[in-house]
file protein_21.cif (mmCIF, C-alpha atoms)
data_my_file
loop_
_atom_site.group_PDB
_atom_site.id
_atom_site.type_symbol
_atom_site.label_atom_id
_atom_site.label_comp_id
_atom_site.auth_asym_id
_atom_site.auth_seq_id
_atom_site.Cartn_x
_atom_site.Cartn_y
_atom_site.Cartn_z
ATOM 1 C CA MET A 958 9.173 25.522 -7.613
ATOM 2 C CA ASN A 959 9.033 28.577 -5.378
ATOM 3 C CA LYS A 960 9.456 27.379 -1.796
ATOM 4 C CA ASN A 961 6.989 30.011 -0.597
ATOM 5 C CA VAL A 962 4.147 28.865 -2.829
ATOM 6 C CA THR A 963 1.372 26.844 -1.173
ATOM 7 C CA PHE A 964 -1.385 24.563 -2.428
ATOM 8 C CA PRO A 965 -4.797 23.610 -1.021
ATOM 9 C CA VAL A 966 -4.480 20.655 1.351
ATOM 10 C CA GLN A 967 -7.455 18.882 -0.221
ATOM 11 C CA GLN A 968 -5.940 19.122 -3.709
ATOM 12 C CA VAL A 969 -2.582 17.764 -2.574
ATOM 13 C CA LEU A 970 -4.199 14.925 -0.631
ATOM 14 C CA GLU A 971 -6.282 13.937 -3.661
ATOM 15 C CA LEU A 972 -3.091 13.887 -5.753
ATOM 16 C CA ALA A 973 -1.464 11.681 -3.100
ATOM 17 C CA CYS A 974 -4.363 9.228 -3.441
ATOM 18 C CA ALA A 975 -4.025 9.297 -7.232
ATOM 19 C CA ALA A 976 -0.274 8.613 -6.972
ATOM 20 C CA GLN A 977 -0.935 5.705 -4.606
ATOM 21 C CA ARG A 978 -3.476 4.279 -7.043
ATOM 22 C CA ILE A 979 -1.066 4.558 -9.982
ATOM 23 C CA ASN A 980 1.923 3.053 -8.159
ATOM 24 C CA GLY A 981 -0.052 0.591 -6.060
ATOM 25 C CA GLU A 982 2.169 1.519 -3.108
ATOM 26 C CA TYR A 983 4.156 4.368 -1.597
ATOM 27 C CA ILE A 984 7.465 4.879 -3.389
ATOM 28 C CA LYS A 985 9.800 7.310 -1.697
ATOM 29 C CA ASP A 986 12.554 7.353 -4.322
ATOM 30 C CA LEU A 987 12.512 9.717 -7.302
ATOM 31 C CA ILE A 988 12.444 6.832 -9.768
ATOM 32 C CA ILE A 989 12.863 3.047 -9.507
ATOM 33 C CA PRO A 990 13.142 0.291 -12.138
ATOM 34 C CA VAL A 991 10.175 -2.070 -12.275
ATOM 35 C CA PHE A 992 11.711 -4.703 -14.552
ATOM 36 C CA THR A 993 14.665 -4.990 -16.888
ATOM 37 C CA ASP A 994 15.598 -7.054 -19.906
ATOM 38 C CA GLN A 995 18.920 -8.505 -20.977
ATOM 39 C CA THR A 996 20.061 -8.065 -24.583
ATOM 40 C CA PRO A 997 21.889 -10.869 -26.463
ATOM 41 C CA ASP A 998 25.244 -9.250 -25.722
ATOM 42 C CA GLY A 999 24.523 -9.368 -21.990
ATOM 43 C CA THR A 1000 23.640 -5.687 -21.531
ATOM 44 C CA ILE A 1001 20.952 -4.995 -18.935
ATOM 45 C CA GLN A 1002 18.348 -2.676 -20.433
ATOM 46 C CA LEU A 1003 15.712 -0.796 -18.434
ATOM 47 C CA MET A 1004 12.288 -1.596 -19.842
ATOM 48 C CA CYS A 1005 9.984 0.098 -17.355
ATOM 49 C CA HIS A 1006 10.174 2.289 -14.263
ATOM 50 C CA LYS A 1007 8.024 3.952 -11.633
ATOM 51 C CA HIS A 1008 8.250 7.482 -10.292
ATOM 52 C CA GLY A 1009 8.056 8.262 -6.591
ATOM 53 C CA ASN A 1010 4.659 9.383 -5.285
ATOM 54 C CA LYS A 1011 5.934 12.774 -4.173
ATOM 55 C CA ILE A 1012 7.530 13.638 -7.538
ATOM 56 C CA LEU A 1013 4.340 12.569 -9.336
ATOM 57 C CA MET A 1014 2.429 15.085 -7.235
ATOM 58 C CA LEU A 1015 4.968 17.873 -7.665
ATOM 59 C CA CYS A 1016 5.250 17.427 -11.435
ATOM 60 C CA THR A 1017 1.494 17.400 -11.819
ATOM 61 C CA LEU A 1018 1.306 20.805 -10.174
ATOM 62 C CA ASP A 1019 4.369 22.172 -11.987
ATOM 63 C CA HIS A 1020 6.166 20.223 -14.743
ATOM 64 C CA THR A 1021 9.353 22.242 -14.166
ATOM 65 C CA ASN A 1022 9.905 20.209 -10.984
ATOM 66 C CA TRP A 1023 11.314 17.508 -13.266
ATOM 67 C CA SER A 1024 14.939 18.373 -14.036
ATOM 68 C CA ALA A 1025 16.185 14.948 -15.181
ATOM 69 C CA ASP A 1026 15.939 13.347 -18.629
ATOM 70 C CA PRO A 1027 12.780 14.774 -20.287
ATOM 71 C CA LYS A 1028 12.099 11.341 -21.808
ATOM 72 C CA GLU A 1029 11.625 9.944 -18.300
ATOM 73 C CA ALA A 1030 9.341 12.744 -17.086
ATOM 74 C CA PRO A 1031 6.155 11.440 -15.434
ATOM 75 C CA MET A 1032 2.714 11.960 -16.904
ATOM 76 C CA PRO A 1033 0.452 14.337 -14.927
ATOM 77 C CA LEU A 1034 -1.840 12.621 -12.461
ATOM 78 C CA LYS A 1035 -5.568 12.560 -13.133
ATOM 79 C CA VAL A 1036 -7.695 12.639 -9.997
ATOM 80 C CA LEU A 1037 -10.636 10.235 -10.145
ATOM 81 C CA PRO A 1038 -13.780 10.238 -7.943
ATOM 82 C CA GLU A 1039 -12.327 7.296 -5.990
ATOM 83 C CA ASP A 1040 -9.280 9.429 -5.124
ATOM 84 C CA VAL A 1041 -11.532 12.222 -3.838
ATOM 85 C CA ALA A 1042 -13.482 9.711 -1.732
ATOM 86 C CA GLN A 1043 -10.317 8.195 -0.273
ATOM 87 C CA ALA A 1044 -8.930 11.639 0.543
ATOM 88 C CA GLU A 1045 -12.057 12.302 2.616
ATOM 89 C CA GLU A 1046 -11.696 8.935 4.375
ATOM 90 C CA ILE A 1047 -8.088 9.755 5.230
ATOM 91 C CA ARG A 1048 -8.969 13.164 6.671
ATOM 92 C CA ASN A 1049 -11.693 11.631 8.825
ATOM 93 C CA TYR A 1050 -9.408 8.816 9.965
ATOM 94 C CA PHE A 1051 -6.629 11.117 11.121
ATOM 95 C CA LYS A 1052 -9.106 13.412 12.841
ATOM 96 C CA ARG A 1053 -10.003 10.475 15.076
ATOM 97 C CA LEU A 1054 -6.317 10.204 15.999
ATOM 98 C CA LEU A 1055 -6.217 13.831 17.105
ATOM 99 C CA PHE A 1056 -5.833 12.885 20.777
ATOM 100 C CA ALA A 1057 -2.426 11.273 20.172
ATOM 101 C CA ALA A 1058 -1.298 14.413 18.382
ATOM 102 C CA ILE A 1059 -2.424 16.681 21.207
ATOM 103 C CA GLU A 1060 -0.663 14.505 23.740
ATOM 104 C CA GLY A 1061 2.532 14.813 21.702
ATOM 105 C CA GLU A 1062 3.185 11.089 21.836
ATOM 106 C CA ASN A 1063 3.533 10.713 18.084
ATOM 107 C CA GLU A 1064 5.619 13.266 16.184
ATOM 108 C CA PHE A 1065 4.466 12.018 12.782
ATOM 109 C CA GLN A 1066 0.817 12.242 13.802
ATOM 110 C CA THR A 1067 1.401 15.733 15.237
ATOM 111 C CA ASN A 1068 2.856 16.955 11.925
ATOM 112 C CA ILE A 1069 0.072 15.313 9.933
ATOM 113 C CA ASN A 1070 -2.596 16.848 12.118
ATOM 114 C CA SER A 1071 -1.001 20.268 11.700
ATOM 115 C CA ILE A 1072 -1.098 19.886 7.914
ATOM 116 C CA LEU A 1073 -4.611 18.454 7.669
ATOM 117 C CA SER A 1074 -6.085 21.037 10.030
ATOM 118 C CA GLY A 1075 -4.717 23.854 7.859
ATOM 119 C CA GLU A 1076 -5.942 25.156 4.531
ATOM 120 C CA THR A 1077 -2.709 25.000 2.538
ATOM 121 C CA VAL A 1078 0.493 22.952 2.386
ATOM 122 C CA LYS A 1079 4.013 23.840 1.265
ATOM 123 C CA PRO A 1080 5.967 21.780 -1.302
ATOM 124 C CA ASN A 1081 8.525 20.783 1.344
ATOM 125 C CA GLN A 1082 5.663 19.121 3.290
ATOM 126 C CA PHE A 1083 4.488 17.019 0.349
ATOM 127 C CA GLY A 1084 6.418 14.007 1.633
ATOM 128 C CA TYR A 1085 4.114 13.782 4.666
ATOM 129 C CA VAL A 1086 1.006 13.922 2.500
ATOM 130 C CA ALA A 1087 2.373 11.553 -0.164
ATOM 131 C CA CYS A 1088 2.674 8.670 2.297
ATOM 132 C CA LEU A 1089 -0.758 9.150 3.923
ATOM 133 C CA PRO A 1090 -2.737 6.817 1.616
ATOM 134 C CA SER A 1091 -0.220 4.044 2.309
ATOM 135 C CA VAL A 1092 -0.315 4.683 6.070
ATOM 136 C CA TYR A 1093 -4.105 4.767 6.042
ATOM 137 C CA VAL A 1094 -4.438 1.492 4.097
ATOM 138 C CA ARG A 1095 -1.895 -0.217 6.354
ATOM 139 C CA ASP A 1096 -3.471 0.987 9.605
ATOM 140 C CA HIS A 1097 -6.987 0.226 8.411
ATOM 141 C CA ALA A 1098 -5.946 -3.307 7.460
ATOM 142 C CA LYS A 1099 -4.326 -3.857 10.868
ATOM 143 C CA ASN A 1100 -7.465 -2.694 12.653
ATOM 144 C CA GLN A 1101 -9.635 -4.963 10.518
ATOM 145 C CA ILE A 1102 -7.375 -7.962 11.140
ATOM 146 C CA LYS A 1103 -7.463 -7.280 14.872
ATOM 147 C CA LYS A 1104 -11.272 -7.300 14.895
ATOM 148 C CA ILE A 1105 -11.593 -10.372 12.690
ATOM 149 C CA ALA A 1106 -8.863 -12.324 14.506
ATOM 150 C CA ARG A 1107 -11.019 -12.444 17.650
ATOM 151 C CA LYS A 1108 -13.779 -14.316 15.787
ATOM 152 C CA LEU A 1109 -11.739 -16.877 13.861
ATOM 153 C CA ASP A 1110 -11.848 -20.616 14.448
ATOM 154 C CA GLU A 1111 -8.912 -22.516 15.877
ATOM 155 C CA GLY A 1112 -7.058 -25.008 13.694
ATOM 156 C CA PHE A 1113 -5.633 -24.979 10.177
ATOM 157 C CA VAL A 1114 -7.032 -25.015 6.661
ATOM 158 C CA GLY A 1115 -5.296 -28.277 5.762
ATOM 159 C CA ASP A 1116 -2.556 -30.712 6.705
ATOM 160 C CA ILE A 1117 1.039 -29.866 5.802
ATOM 161 C CA GLY A 1118 1.739 -31.042 2.268
ATOM 162 C CA SER A 1119 -1.926 -31.225 1.268
ATOM 163 C CA ASN A 1120 -3.292 -29.574 -1.866
ATOM 164 C CA LEU A 1121 -6.110 -27.030 -1.801
ATOM 165 C CA LYS A 1122 -8.449 -26.246 -4.697
ATOM 166 C CA ASP A 1123 -11.330 -23.865 -5.421
ATOM 167 C CA LEU A 1124 -11.646 -22.222 -2.010
ATOM 168 C CA ASP A 1125 -13.346 -18.905 -1.318
ATOM 169 C CA CYS A 1126 -11.301 -16.534 0.781
ATOM 170 C CA GLU A 1127 -11.127 -12.929 1.893
ATOM 171 C CA ILE A 1128 -7.909 -10.965 1.522
ATOM 172 C CA LEU A 1129 -7.266 -8.917 4.659
ATOM 173 C CA GLU A 1130 -3.799 -7.609 3.909
ATOM 174 C CA SER A 1131 -1.369 -7.460 0.982
ATOM 175 C CA VAL A 1132 1.871 -5.754 1.952
ATOM 176 C CA ARG A 1133 5.242 -5.670 0.224
ATOM 177 C CA SER A 1134 7.771 -7.752 2.112
ATOM 178 C CA LYS A 1135 10.791 -5.994 3.593
ATOM 179 C CA ASN A 1136 13.000 -9.023 2.967
ATOM 180 C CA PHE A 1137 11.729 -10.469 -0.315
ATOM 181 C CA ASP A 1138 10.627 -9.178 -3.704
ATOM 182 C CA ALA A 1139 7.034 -10.191 -3.050
ATOM 183 C CA TYR A 1140 3.864 -9.278 -1.178
ATOM 184 C CA ASN A 1141 2.908 -10.937 2.087
ATOM 185 C CA VAL A 1142 -0.774 -11.801 1.920
ATOM 186 C CA CYS A 1143 -2.996 -12.454 4.932
ATOM 187 C CA ALA A 1144 -6.396 -13.995 4.246
ATOM 188 C CA ILE A 1145 -9.328 -15.854 5.769
ATOM 189 C CA ILE A 1146 -10.232 -19.312 4.433
ATOM 190 C CA ASP A 1147 -13.013 -21.350 6.072
ATOM 191 C CA ASN A 1148 -12.940 -18.853 8.948
ATOM 192 C CA LYS A 1149 -9.278 -19.668 9.592
ATOM 193 C CA MET A 1150 -6.235 -17.503 8.970
ATOM 194 C CA ALA A 1151 -3.892 -18.234 6.069
ATOM 195 C CA SER A 1152 -0.930 -16.423 4.518
ATOM 196 C CA TRP A 1153 1.377 -16.661 1.515
ATOM 197 C CA PHE A 1154 3.763 -14.712 -0.696
ATOM 198 C CA SER A 1155 2.425 -13.229 -3.924
ATOM 199 C CA LYS A 1156 4.480 -11.780 -6.776
ATOM 200 C CA THR A 1157 1.837 -9.115 -7.294
ATOM 201 C CA PRO A 1158 -0.343 -7.227 -4.799
ATOM 202 C CA LEU A 1159 -3.867 -8.522 -4.261
ATOM 203 C CA LYS A 1160 -6.908 -6.354 -3.658
ATOM 204 C CA LEU A 1161 -8.544 -6.494 -0.250
ATOM 205 C CA GLY A 1162 -11.800 -8.401 -0.289
ATOM 206 C CA ALA A 1163 -13.162 -11.464 -2.060
ATOM 207 C CA CYS A 1164 -10.785 -13.899 -3.731
ATOM 208 C CA VAL A 1165 -10.729 -17.514 -4.918
ATOM 209 C CA ILE A 1166 -7.829 -19.844 -4.232
ATOM 210 C CA VAL A 1167 -7.750 -21.780 -7.501
ATOM 211 C CA LYS A 1168 -5.025 -24.017 -6.138
ATOM 212 C CA ALA A 1169 -2.361 -23.981 -3.415
ATOM 213 C CA LYS A 1170 -0.262 -26.270 -1.263
ATOM 214 C CA VAL A 1171 -0.007 -26.171 2.522
ATOM 215 C CA LYS A 1172 3.607 -25.345 3.348
ATOM 216 C CA ASP A 1173 3.478 -25.320 7.147
ATOM 217 C CA HIS A 1174 1.535 -24.361 10.256
ATOM 218 C CA SER A 1175 2.496 -21.323 12.295
ATOM 219 C CA GLU A 1176 1.123 -18.580 14.527
ATOM 220 C CA HIS A 1177 0.321 -14.970 13.736
ATOM 221 C CA TRP A 1178 3.115 -12.833 15.173
ATOM 222 C CA LEU A 1179 0.703 -10.311 16.718
ATOM 223 C CA HIS A 1180 -2.719 -11.886 17.243
ATOM 224 C CA LYS A 1181 -1.449 -15.422 17.977
ATOM 225 C CA ASN A 1182 -4.045 -17.083 15.759
ATOM 226 C CA PRO A 1183 -3.094 -20.375 14.084
ATOM 227 C CA VAL A 1184 -1.925 -19.572 10.531
ATOM 228 C CA THR A 1185 -1.831 -21.927 7.571
ATOM 229 C CA ARG A 1186 1.152 -20.929 5.459
ATOM 230 C CA LEU A 1187 0.637 -21.654 1.755
ATOM 231 C CA ASN A 1188 2.867 -21.795 -1.324
ATOM 232 C CA TYR A 1189 2.368 -22.388 -5.057
ATOM 233 C CA VAL A 1190 -0.763 -20.251 -4.742
ATOM 234 C CA LYS A 1191 -2.862 -19.403 -7.761
ATOM 235 C CA ALA A 1192 -5.453 -16.818 -6.760
ATOM 236 C CA ALA A 1193 -8.208 -15.182 -8.805
ATOM 237 C CA GLN A 1194 -10.072 -11.943 -8.135
#
call {"tool": "encode", "arguments": {"input": "protein_21.cif", "output": "structure tokens"}}
result
Amino acid sequence: MNKNVTFPVQQVLELACAAQRINGEYIKDLIIPVFTDQTPDGTIQLMCHKHGNKILMLCTLDHTNWSADPKEAPMPLKVLPEDVAQAEEIRNYFKRLLFAAIEGENEFQTNINSILSGETVKPNQFGYVACLPSVYVRDHAKNQIKKIARKLDEGFVGDIGSNLKDLDCEILESVRSKNFDAYNVCAIIDNKMASWFSKTPLKLGACVIVKAKVKDHSEHWLHKNPVTRLNYVKAAQ
């Protein structure tokens, strides 16, 4: 792609939201394996993979950006109304953070503000835009947890070792762990904070704990609320 070519900021941001929706997260790498299979002779065979958010956006705008194996080329992104709506939410959110950018206290925010306040964006700036949906979701979740944490009850959902069944809960956060191949889930059960590891990401909002076991009692690292740590969780949404 010509380095001098530019694209409308709104279009690129909508593509970033579409890429986030497809991947379910921000993937920086060009391509990553999702799962593999082992043949009878012991050979590890790639069965599925994901493309990085940035390359999904670039290839949608110009398929010649893919120079690797044509069989692994990503499908063009299709922007849905929900992507357009989220792009608008993101622009409004970062406008409210304009003060930090003006003060120069946050280099990332300064660069983002410069991009979002302009009309067009260059391909070499796509990396900033590609990660915005992930940053927005993460920051929004943190702000929501901070507000809710102030209103939660003290105590724990159950005694250590006890079994839980058929409990309504609200998922506040579902973030991929940096240390484990899982998602760290933060939720509210009976107006108390609970957390667990999930193999798959959970949507924010209503959820039912079909069954779980209380692993231990701890404290939230930031808000200091009592946290009931669960394992063997079966959740339904």
call {"tool": "residues_near_point", "arguments": {"input": "protein_21.cif", "point": "(3.3, 24.8, 1.8)", "cutoff": "10 Å", "atoms": "all atoms listed in the file", "output": "list in words"}}
result
Asn959, Lys960, Asn961, Val962, Thr963, Phe964, Pro965, Val966, Ile1072, Glu1076, Thr1077, Val1078, Lys1079, Pro1080, Asn1081, Gln1082 and Phe1083 of chain A
call {"tool": "residues_around", "arguments": {"input": "protein_21.cif", "residues": "Pro1090 (chain A)", "least_positions_apart": "6", "cutoff": "10 Å", "atoms": "all atoms listed in the file", "output": "list in words"}}
result
Leu970, Glu971, Ala973, Cys974, Ala975, Ala976, Gln977, Arg978, Glu982, Tyr983, Asp1040, Gln1043, Ala1044, Glu1046, Ile1047 and Asp1096 of chain A
call {"tool": "closest_residue", "arguments": {"input": "protein_21.cif", "among": "A:Asp1173, A:Glu1045, A:Asp1110, A:Asp1116", "to": "Leu1073 (chain A)", "atoms": "all atoms listed in the file"}}
result
A:Glu1045
call {"tool": "resolve_selection", "arguments": {"input": "protein_21.cif", "expression": "the PyMOL selection byres ((chain A and resi 1011) around 9)", "output": "ChimeraX atom specification"}}
result
/A:973,976,983-987,1008-1010,1012-1016,1083-1084,1086-1088
call {"tool": "atom_distance", "arguments": {"input": "protein_21.cif", "atom1": "CA of Tyr1085 (chain A)", "atom2": "CA of Ile1069 (chain A)"}}
result
6.8 Å
call {"tool": "resolve_selection", "arguments": {"input": "protein_21.cif", "expression": "the PyMOL selection byres ((chain A and resi 1120-1137) around 6)", "output": "list in words"}}
result
Ala1098, Ser1119, Asp1138, Ala1139, Tyr1140, Asn1141, Val1142, Cys1143, Ala1144, Ile1145, Ile1146, Pro1158, Leu1159, Leu1161, Gly1162, Ala1163, Cys1164, Val1165, Ile1166, Val1167, Lys1168, Ala1169 and Lys1170 of chain A
call {"tool": "atom_distance", "arguments": {"input": "protein_21.cif", "atom1": "CA of Tyr1050 (chain A)", "atom2": "CA of Ile1105 (chain A)"}}
result
19.5 Å
call {"tool": "atom_distance", "arguments": {"input": "protein_21.cif", "atom1": "CA of Glu1176 (chain A)", "atom2": "CA of Leu1054 (chain A)"}}
result
29.8 Å
call {"tool": "closest_residue", "arguments": {"input": "protein_21.cif", "among": "A:Lys1007, A:Lys1052, A:Ile979, A:Ser1074", "to": "Leu1034 (chain A)", "atoms": "only C-alpha atoms"}}
result
A:Ile979
call {"tool": "residues_around", "arguments": {"input": "protein_21.cif", "residues": "His1180 (chain A)", "least_positions_apart": "4", "cutoff": "9 Å", "atoms": "all atoms listed in the file", "output": "number ranges by chain"}}
result
A: 1102-1103, 1106-1107, 1176
call {"tool": "axis_aligned_box", "arguments": {"input": "protein_21.cif", "around": "region 1124-1139 of chain A", "padding_each_side": "4 Å", "output": "JSON"}}
result
{"center_x": -0.2, "center_y": -13.9, "center_z": 0.5, "size_x": 34.3, "size_y": 24.6, "size_z": 16.4}
call {"tool": "residues_around", "arguments": {"input": "protein_21.cif", "residues": "Ser1175 (chain A)", "least_positions_apart": "3", "cutoff": "7 Å", "atoms": "only C-alpha atoms", "output": "PyMOL selection string"}}
result
chain A and resi 1183-1186
call {"tool": "build_atoms", "arguments": {"input": "protein_21.cif", "residues": "region 1146-1177 of chain A", "atoms": "N, CA and C atoms", "output": "PDB file, in the coordinates of the input"}}
result
ATOM      1  N   ILE A1146      -9.694 -18.182   5.194  1.00  0.00           N
ATOM      2  CA  ILE A1146     -10.232 -19.312   4.433  1.00  0.00           C
ATOM      3  C   ILE A1146     -10.952 -20.228   5.424  1.00  0.00           C
ATOM      4  N   ASP A1147     -12.221 -20.506   5.163  1.00  0.00           N
ATOM      5  CA  ASP A1147     -13.013 -21.350   6.072  1.00  0.00           C
ATOM      6  C   ASP A1147     -12.951 -20.840   7.505  1.00  0.00           C
ATOM      7  N   ASN A1148     -12.989 -19.528   7.638  1.00  0.00           N
ATOM      8  CA  ASN A1148     -12.940 -18.853   8.948  1.00  0.00           C
ATOM      9  C   ASN A1148     -11.660 -19.164   9.728  1.00  0.00           C
ATOM     10  N   LYS A1149     -10.601 -19.468   9.000  1.00  0.00           N
ATOM     11  CA  LYS A1149      -9.278 -19.668   9.592  1.00  0.00           C
ATOM     12  C   LYS A1149      -8.289 -18.764   8.862  1.00  0.00           C
ATOM     13  N   MET A1150      -7.211 -18.422   9.545  1.00  0.00           N
ATOM     14  CA  MET A1150      -6.235 -17.503   8.970  1.00  0.00           C
ATOM     15  C   MET A1150      -5.212 -18.248   8.122  1.00  0.00           C
ATOM     16  N   ALA A1151      -4.907 -17.670   6.968  1.00  0.00           N
ATOM     17  CA  ALA A1151      -3.892 -18.234   6.069  1.00  0.00           C
ATOM     18  C   ALA A1151      -3.024 -17.109   5.529  1.00  0.00           C
ATOM     19  N   SER A1152      -1.829 -17.442   5.074  1.00  0.00           N
ATOM     20  CA  SER A1152      -0.930 -16.423   4.518  1.00  0.00           C
ATOM     21  C   SER A1152      -0.039 -17.055   3.462  1.00  0.00           C
ATOM     22  N   TRP A1153       0.456 -16.205   2.565  1.00  0.00           N
ATOM     23  CA  TRP A1153       1.377 -16.661   1.515  1.00  0.00           C
ATOM     24  C   TRP A1153       2.057 -15.463   0.878  1.00  0.00           C
ATOM     25  N   PHE A1154       3.084 -15.740   0.083  1.00  0.00           N
ATOM     26  CA  PHE A1154       3.763 -14.712  -0.696  1.00  0.00           C
ATOM     27  C   PHE A1154       3.146 -14.654  -2.082  1.00  0.00           C
ATOM     28  N   SER A1155       2.948 -13.432  -2.578  1.00  0.00           N
ATOM     29  CA  SER A1155       2.425 -13.229  -3.924  1.00  0.00           C
ATOM     30  C   SER A1155       3.370 -12.316  -4.690  1.00  0.00           C
ATOM     31  N   LYS A1156       3.599 -12.619  -5.969  1.00  0.00           N
ATOM     32  CA  LYS A1156       4.480 -11.780  -6.776  1.00  0.00           C
ATOM     33  C   LYS A1156       3.859 -10.416  -7.045  1.00  0.00           C
ATOM     34  N   THR A1157       2.545 -10.366  -7.045  1.00  0.00           N
ATOM     35  CA  THR A1157       1.837  -9.115  -7.294  1.00  0.00           C
ATOM     36  C   THR A1157       0.900  -8.816  -6.132  1.00  0.00           C
ATOM     37  N   PRO A1158       0.582  -7.554  -5.889  1.00  0.00           N
ATOM     38  CA  PRO A1158      -0.343  -7.227  -4.799  1.00  0.00           C
ATOM     39  C   PRO A1158      -1.755  -7.688  -5.125  1.00  0.00           C
ATOM     40  N   LEU A1159      -2.482  -8.110  -4.100  1.00  0.00           N
ATOM     41  CA  LEU A1159      -3.867  -8.522  -4.261  1.00  0.00           C
ATOM     42  C   LEU A1159      -4.779  -7.476  -3.626  1.00  0.00           C
ATOM     43  N   LYS A1160      -5.949  -7.313  -4.202  1.00  0.00           N
ATOM     44  CA  LYS A1160      -6.908  -6.354  -3.658  1.00  0.00           C
ATOM     45  C   LYS A1160      -7.548  -6.923  -2.402  1.00  0.00           C
ATOM     46  N   LEU A1161      -7.845  -6.057  -1.447  1.00  0.00           N
ATOM     47  CA  LEU A1161      -8.544  -6.494  -0.250  1.00  0.00           C
ATOM     48  C   LEU A1161      -9.966  -6.888  -0.628  1.00  0.00           C
ATOM     49  N   GLY A1162     -10.446  -7.950   0.001  1.00  0.00           N
ATOM     50  CA  GLY A1162     -11.800  -8.401  -0.289  1.00  0.00           C
ATOM     51  C   GLY A1162     -11.847  -9.813  -0.849  1.00  0.00           C
ATOM     52  N   ALA A1163     -12.902 -10.104  -1.581  1.00  0.00           N
ATOM     53  CA  ALA A1163     -13.162 -11.464  -2.060  1.00  0.00           C
ATOM     54  C   ALA A1163     -12.088 -11.963  -3.012  1.00  0.00           C
ATOM     55  N   CYS A1164     -11.811 -13.258  -2.901  1.00  0.00           N
ATOM     56  CA  CYS A1164     -10.785 -13.899  -3.731  1.00  0.00           C
ATOM     57  C   CYS A1164     -11.085 -15.396  -3.773  1.00  0.00           C
ATOM     58  N   VAL A1165     -10.585 -16.060  -4.811  1.00  0.00           N
ATOM     59  CA  VAL A1165     -10.729 -17.514  -4.918  1.00  0.00           C
ATOM     60  C   VAL A1165      -9.340 -18.137  -5.016  1.00  0.00           C
ATOM     61  N   ILE A1166      -9.074 -19.078  -4.142  1.00  0.00           N
ATOM     62  CA  ILE A1166      -7.829 -19.844  -4.232  1.00  0.00           C
ATOM     63  C   ILE A1166      -8.067 -20.966  -5.238  1.00  0.00           C
ATOM     64  N   VAL A1167      -7.572 -20.776  -6.452  1.00  0.00           N
ATOM     65  CA  VAL A1167      -7.750 -21.780  -7.501  1.00  0.00           C
ATOM     66  C   VAL A1167      -7.013 -23.062  -7.121  1.00  0.00           C
ATOM     67  N   LYS A1168      -5.775 -22.880  -6.658  1.00  0.00           N
ATOM     68  CA  LYS A1168      -5.025 -24.017  -6.138  1.00  0.00           C
ATOM     69  C   LYS A1168      -3.890 -23.512  -5.257  1.00  0.00           C
ATOM     70  N   ALA A1169      -3.454 -24.327  -4.331  1.00  0.00           N
ATOM     71  CA  ALA A1169      -2.361 -23.981  -3.415  1.00  0.00           C
ATOM     72  C   ALA A1169      -1.915 -25.250  -2.697  1.00  0.00           C
ATOM     73  N   LYS A1170      -0.766 -25.151  -2.054  1.00  0.00           N
ATOM     74  CA  LYS A1170      -0.262 -26.270  -1.263  1.00  0.00           C
ATOM     75  C   LYS A1170       0.068 -25.776   0.136  1.00  0.00           C
ATOM     76  N   VAL A1171      -0.277 -26.556   1.135  1.00  0.00           N
ATOM     77  CA  VAL A1171      -0.007 -26.171   2.522  1.00  0.00           C
ATOM     78  C   VAL A1171       1.476 -26.384   2.812  1.00  0.00           C
ATOM     79  N   LYS A1172       2.158 -25.291   3.096  1.00  0.00           N
ATOM     80  CA  LYS A1172       3.607 -25.345   3.348  1.00  0.00           C
ATOM     81  C   LYS A1172       3.897 -25.718   4.792  1.00  0.00           C
ATOM     82  N   ASP A1173       3.277 -25.013   5.727  1.00  0.00           N
ATOM     83  CA  ASP A1173       3.478 -25.320   7.147  1.00  0.00           C
ATOM     84  C   ASP A1173       2.392 -24.672   7.996  1.00  0.00           C
ATOM     85  N   HIS A1174       2.446 -24.939   9.283  1.00  0.00           N
ATOM     86  CA  HIS A1174       1.535 -24.361  10.256  1.00  0.00           C
ATOM     87  C   HIS A1174       2.328 -23.436  11.177  1.00  0.00           C
ATOM     88  N   SER A1175       1.787 -22.264  11.432  1.00  0.00           N
ATOM     89  CA  SER A1175       2.496 -21.323  12.295  1.00  0.00           C
ATOM     90  C   SER A1175       1.492 -20.526  13.124  1.00  0.00           C
ATOM     91  N   GLU A1176       1.953 -19.425  13.674  1.00  0.00           N
ATOM     92  CA  GLU A1176       1.123 -18.580  14.527  1.00  0.00           C
ATOM     93  C   GLU A1176       1.307 -17.131  14.125  1.00  0.00           C
ATOM     94  N   HIS A1177       0.216 -16.381  14.096  1.00  0.00           N
ATOM     95  CA  HIS A1177       0.321 -14.970  13.736  1.00  0.00           C
ATOM     96  C   HIS A1177       1.177 -14.250  14.770  1.00  0.00           C
TER      97      HIS A1177
END
